[in-house]
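Have a look at upload-v5.cif below; it lists mmCIF, C-alpha atoms and all ligand atoms.
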```cif
data_work
loop_
_atom_site.group_PDB
_atom_site.id
_atom_site.type_symbol
_atom_site.label_atom_id
_atom_site.label_comp_id
_atom_site.auth_asym_id
_atom_site.auth_seq_id
_atom_site.Cartn_x
_atom_site.Cartn_y
_atom_site.Cartn_z
ATOM 1 C CA MET A 1 54.184 -141.005 229.997
ATOM 2 C CA ALA A 2 53.654 -137.806 231.998
ATOM 3 C CA ASP A 3 57.300 -136.888 231.543
ATOM 4 C CA LEU A 4 56.825 -136.665 227.831
ATOM 5 C CA ARG A 5 54.571 -133.671 228.293
ATOM 6 C CA ASP A 6 57.563 -131.530 229.169
ATOM 7 C CA MET A 7 59.243 -132.094 225.850
ATOM 8 C CA TYR A 8 56.079 -131.851 223.804
ATOM 9 C CA GLN A 9 56.429 -128.163 223.692
ATOM 10 C CA GLU A 10 53.882 -126.083 221.930
ATOM 11 C CA VAL A 11 55.993 -125.585 218.867
ATOM 12 C CA ILE A 12 56.421 -129.331 218.364
ATOM 13 C CA LEU A 13 52.705 -129.958 218.613
ATOM 14 C CA GLU A 14 51.947 -127.094 216.293
ATOM 15 C CA HIS A 15 54.320 -128.424 213.625
ATOM 16 C CA ALA A 16 52.953 -131.933 214.051
ATOM 17 C CA LYS A 17 49.457 -130.624 213.490
ATOM 18 C CA SER A 18 50.274 -128.338 210.570
ATOM 19 C CA PRO A 19 53.500 -129.631 209.047
ATOM 20 C CA ARG A 20 55.335 -127.253 206.714
ATOM 21 C CA ASN A 21 56.369 -128.313 203.211
ATOM 22 C CA TYR A 22 54.151 -131.392 203.464
ATOM 23 C CA ARG A 23 54.037 -132.211 199.775
ATOM 24 C CA THR A 24 55.946 -134.041 197.060
ATOM 25 C CA LEU A 25 58.430 -132.746 194.498
ATOM 26 C CA ALA A 26 58.350 -134.045 190.951
ATOM 27 C CA ALA A 27 61.330 -135.804 189.404
ATOM 28 C CA PRO A 28 64.173 -135.120 188.871
ATOM 29 C CA ALA A 29 64.060 -134.172 192.541
ATOM 30 C CA ARG A 30 65.943 -136.599 194.754
ATOM 31 C CA LYS A 31 63.873 -138.797 197.007
ATOM 32 C CA ALA A 32 64.623 -141.057 199.952
ATOM 33 C CA GLU A 33 62.449 -143.091 202.280
ATOM 34 C CA GLY A 34 62.961 -143.745 205.955
ATOM 35 C CA PHE A 35 61.342 -146.023 208.505
ATOM 36 C CA ASN A 36 61.610 -146.177 212.264
ATOM 37 C CA PRO A 37 60.316 -149.647 213.231
ATOM 38 C CA LEU A 38 60.557 -148.853 216.936
ATOM 39 C CA CYS A 39 57.712 -146.347 216.701
ATOM 40 C CA GLY A 40 56.284 -147.017 213.246
ATOM 41 C CA ASP A 41 57.281 -143.626 211.824
ATOM 42 C CA ARG A 42 57.604 -143.354 208.063
ATOM 43 C CA CYS A 43 59.119 -140.447 206.218
ATOM 44 C CA THR A 44 59.859 -139.600 202.590
ATOM 45 C CA ILE A 45 62.103 -136.638 201.853
ATOM 46 C CA PHE A 46 62.142 -134.854 198.500
ATOM 47 C CA LEU A 47 65.078 -132.681 197.598
ATOM 48 C CA ALA A 48 65.665 -130.323 194.685
ATOM 49 C CA MET A 49 69.276 -129.203 194.407
ATOM 50 C CA GLN A 50 70.488 -126.224 192.464
ATOM 51 C CA GLY A 51 74.193 -126.801 192.234
ATOM 52 C CA ASP A 52 75.286 -126.980 195.856
ATOM 53 C CA VAL A 53 72.177 -125.323 197.286
ATOM 54 C CA ILE A 54 68.979 -126.942 198.547
ATOM 55 C CA ALA A 55 66.548 -125.082 196.310
ATOM 56 C CA ASP A 56 63.483 -126.896 197.599
ATOM 57 C CA ILE A 57 62.748 -129.590 200.136
ATOM 58 C CA ALA A 58 59.530 -131.333 201.087
ATOM 59 C CA PHE A 59 58.369 -134.400 202.982
ATOM 60 C CA GLN A 60 55.524 -136.813 203.394
ATOM 61 C CA GLY A 61 54.919 -139.500 205.951
ATOM 62 C CA ASN A 62 53.096 -140.862 208.923
ATOM 63 C CA GLY A 63 54.263 -141.037 212.450
ATOM 64 C CA CYS A 64 54.229 -139.659 215.933
ATOM 65 C CA ALA A 65 54.204 -135.950 216.745
ATOM 66 C CA ILE A 66 57.982 -135.819 217.244
ATOM 67 C CA SER A 67 58.791 -137.410 213.900
ATOM 68 C CA ARG A 68 56.348 -135.169 212.039
ATOM 69 C CA ALA A 69 57.473 -131.991 213.777
ATOM 70 C CA SER A 70 61.111 -132.879 213.228
ATOM 71 C CA ALA A 71 60.562 -133.426 209.494
ATOM 72 C CA SER A 72 58.546 -130.223 209.228
ATOM 73 C CA MET A 73 61.204 -128.157 210.982
ATOM 74 C CA LEU A 74 63.956 -129.851 209.017
ATOM 75 C CA THR A 75 62.445 -128.622 205.757
ATOM 76 C CA GLN A 76 62.204 -125.092 207.162
ATOM 77 C CA SER A 77 65.750 -125.129 208.485
ATOM 78 C CA LEU A 78 67.462 -126.553 205.432
ATOM 79 C CA LYS A 79 65.754 -124.809 202.551
ATOM 80 C CA GLY A 80 68.199 -122.421 200.892
ATOM 81 C CA LYS A 81 71.208 -123.895 202.708
ATOM 82 C CA THR A 82 74.286 -125.273 201.000
ATOM 83 C CA LYS A 83 75.183 -128.915 201.320
ATOM 84 C CA ALA A 84 77.977 -128.040 203.770
ATOM 85 C CA GLU A 85 75.687 -125.878 205.929
ATOM 86 C CA ALA A 86 73.060 -128.626 205.969
ATOM 87 C CA GLU A 87 75.614 -131.236 207.024
ATOM 88 C CA LYS A 88 76.714 -128.978 209.872
ATOM 89 C CA ILE A 89 73.139 -128.455 211.082
ATOM 90 C CA PHE A 90 72.490 -132.201 210.836
ATOM 91 C CA ASN A 91 75.615 -132.902 212.860
ATOM 92 C CA ASN A 92 74.733 -130.401 215.581
ATOM 93 C CA PHE A 93 71.109 -131.558 215.703
ATOM 94 C CA HIS A 94 72.251 -135.148 216.090
ATOM 95 C CA ARG A 95 74.659 -134.202 218.858
ATOM 96 C CA MET A 96 71.944 -132.235 220.638
ATOM 97 C CA VAL A 97 69.292 -134.985 220.647
ATOM 98 C CA THR A 98 71.842 -137.614 221.699
ATOM 99 C CA GLY A 99 72.952 -135.443 224.611
ATOM 100 C CA GLN A 100 76.425 -134.580 223.332
ATOM 101 C CA SER A 101 77.851 -131.115 223.526
ATOM 102 C CA PRO A 102 77.570 -129.134 220.325
ATOM 103 C CA ASN A 103 80.295 -128.897 217.757
ATOM 104 C CA GLY A 104 80.974 -125.228 217.368
ATOM 105 C CA ASP A 105 78.006 -122.956 217.768
ATOM 106 C CA ARG A 106 74.673 -124.447 218.658
ATOM 107 C CA ALA A 107 72.980 -121.143 217.869
ATOM 108 C CA SER A 108 72.909 -122.292 214.254
ATOM 109 C CA LEU A 109 70.143 -124.702 215.255
ATOM 110 C CA GLY A 110 67.705 -121.879 215.923
ATOM 111 C CA LYS A 111 64.197 -123.236 216.524
ATOM 112 C CA LEU A 112 65.475 -126.789 216.354
ATOM 113 C CA GLU A 113 66.526 -126.266 219.979
ATOM 114 C CA VAL A 114 63.008 -127.328 220.987
ATOM 115 C CA PHE A 115 64.165 -130.906 220.415
ATOM 116 C CA ALA A 116 66.914 -130.678 223.050
ATOM 117 C CA GLY A 117 64.657 -132.433 225.585
ATOM 118 C CA VAL A 118 64.513 -135.507 223.369
ATOM 119 C CA SER A 119 67.954 -136.538 224.655
ATOM 120 C CA GLU A 120 66.287 -137.582 227.914
ATOM 121 C CA PHE A 121 64.085 -140.060 226.070
ATOM 122 C CA PRO A 122 66.341 -142.524 224.212
ATOM 123 C CA ALA A 123 63.410 -144.208 222.484
ATOM 124 C CA ARG A 124 62.382 -140.866 221.022
ATOM 125 C CA VAL A 125 65.784 -140.008 219.588
ATOM 126 C CA LYS A 126 65.019 -142.212 216.596
ATOM 127 C CA CYS A 127 61.726 -140.395 216.044
ATOM 128 C CA ALA A 128 63.517 -137.056 216.046
ATOM 129 C CA THR A 129 66.366 -138.136 213.776
ATOM 130 C CA LEU A 130 64.457 -140.242 211.229
ATOM 131 C CA ALA A 131 63.810 -137.316 208.873
ATOM 132 C CA TRP A 132 67.442 -136.230 209.194
ATOM 133 C CA HIS A 133 68.879 -139.614 208.288
ATOM 134 C CA THR A 134 66.413 -139.776 205.429
ATOM 135 C CA PHE A 135 67.509 -136.325 204.311
ATOM 136 C CA GLU A 136 71.132 -137.484 204.331
ATOM 137 C CA ALA A 137 70.203 -140.432 202.128
ATOM 138 C CA ALA A 138 68.422 -138.127 199.685
ATOM 139 C CA LEU A 139 71.379 -135.754 199.667
ATOM 140 C CA HIS A 140 73.799 -138.562 198.880
ATOM 141 C CA GLY A 141 71.451 -140.239 196.433
ATOM 142 C CA ASP A 142 71.224 -143.511 198.364
ATOM 143 C CA GLN A 143 68.725 -145.917 196.855
ATOM 144 C CA GLU A 144 68.309 -148.168 199.860
ATOM 145 C CA PRO A 145 65.474 -147.237 202.237
ATOM 146 C CA VAL A 146 66.727 -145.850 205.537
ATOM 147 C CA THR A 147 65.920 -147.659 208.737
ATOM 148 C CA THR A 148 66.792 -146.442 212.205
ATOM 149 C CA GLU A 149 67.573 -150.001 213.326
HETATM 150 ZN ZN ZN B 1 57.972 -141.769 216.614
#
```
Would you put the structure from the file into structure tokens?
Amino acid sequence: MADLRDMYQEVILEHAKSPRNYRTLAAPARKAEGFNPLCGDRCTIFLAMQGDVIADIAFQGNGCAISRASASMLTQSLKGKTKAEAEKIFNNFHRMVTGQSPNGDRASLGKLEVFAGVSEFPARVKCATLAWHTFEAALHGDQEPVTTE
């Protein structure tokens, strides 16, 4: 697993250790749950919308460093964004971690670029995207739990 060290950049480890927005939001906030059976990662995303804007976003869960850091950075990246902006970031993030070229400008990903190395580790892509798929479910009000399988 020595190769993994390269992608476990400092910022990922730091977020995994001290995740941001690690809390719950009271109803009527939207909530969705996700599970990645491949690694055992679990993630719950809470979302408070104000019209079209993500007024607040939080998460809870257990999992590996990548899944925790990804959820933590997701909450930082998406808070205050509109639904359309969030969808665009999600799309570009997904393209980045699956090794596809970005749609439009990748600069919009900002710090999320630290996950670019994940594309070299197919098994880890699900860890990195779990929170994002769960976020999508919360955004669309899906009731079914999300699974990466
Ligand atoms: Zn994982």
Taking the file as shown, what set of residues would the PyMOL selection byres (((chain A and resi 89-91) around 12) and not hetatm) give back, as a ChimeraX atom specification? /A:70,73-75,77-79,81-88,92-98,100-113,128-136,139
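What the PyMOL selection byres (((not hetatm)) within 9 of (chain B and resi 1)) grabs from this file is Asn36, Pro37, Leu38, Cys39, Gly40, Asp41, Arg42, Gly63, Cys64, Ala65, Ile66, Ser67, Arg68, Ala123, Arg124, Val125, Lys126, Cys127, Ala128 and Leu130 of chain A.
Each of A:Gly80, A:His15, A:Ala26, A:Arg20 was checked against Phe59 in chain A using only C-alpha atoms; the smallest atom-to-atom distance is that of A:Arg20.
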Taking the file as I've supplied it (selection: the PyMOL selection byres (((chain A and resi 28) around 10) and not hetatm)), which residues are included? Please answer as a PyMOL selection string. chain A and resi 25-27+29-31+46-49
Expected axis-aligned box over every listed atom of range 84-90 of chain A, 4 Å added per side, centre plus edges in Å to one decimal, as lines of an AutoDock Vina configuration file:
```
center_x = 75.2
center_y = -129.0
center_z = 207.4
size_x = 13.5
size_y = 14.3
size_z = 15.3
```
Can you pull out the residues contacting Gln60 in chain A? Cut-off 8 Å, using only C-alpha atoms, and skip same-chain residues under 2 positions away; I want them as an NGL selection string. :A and (22-24 or 43-45 or 58 or 62)
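Across the structure, CA of Ala32 in chain A and CA of Gly117 in chain A are spaced 27.0 Å apart.
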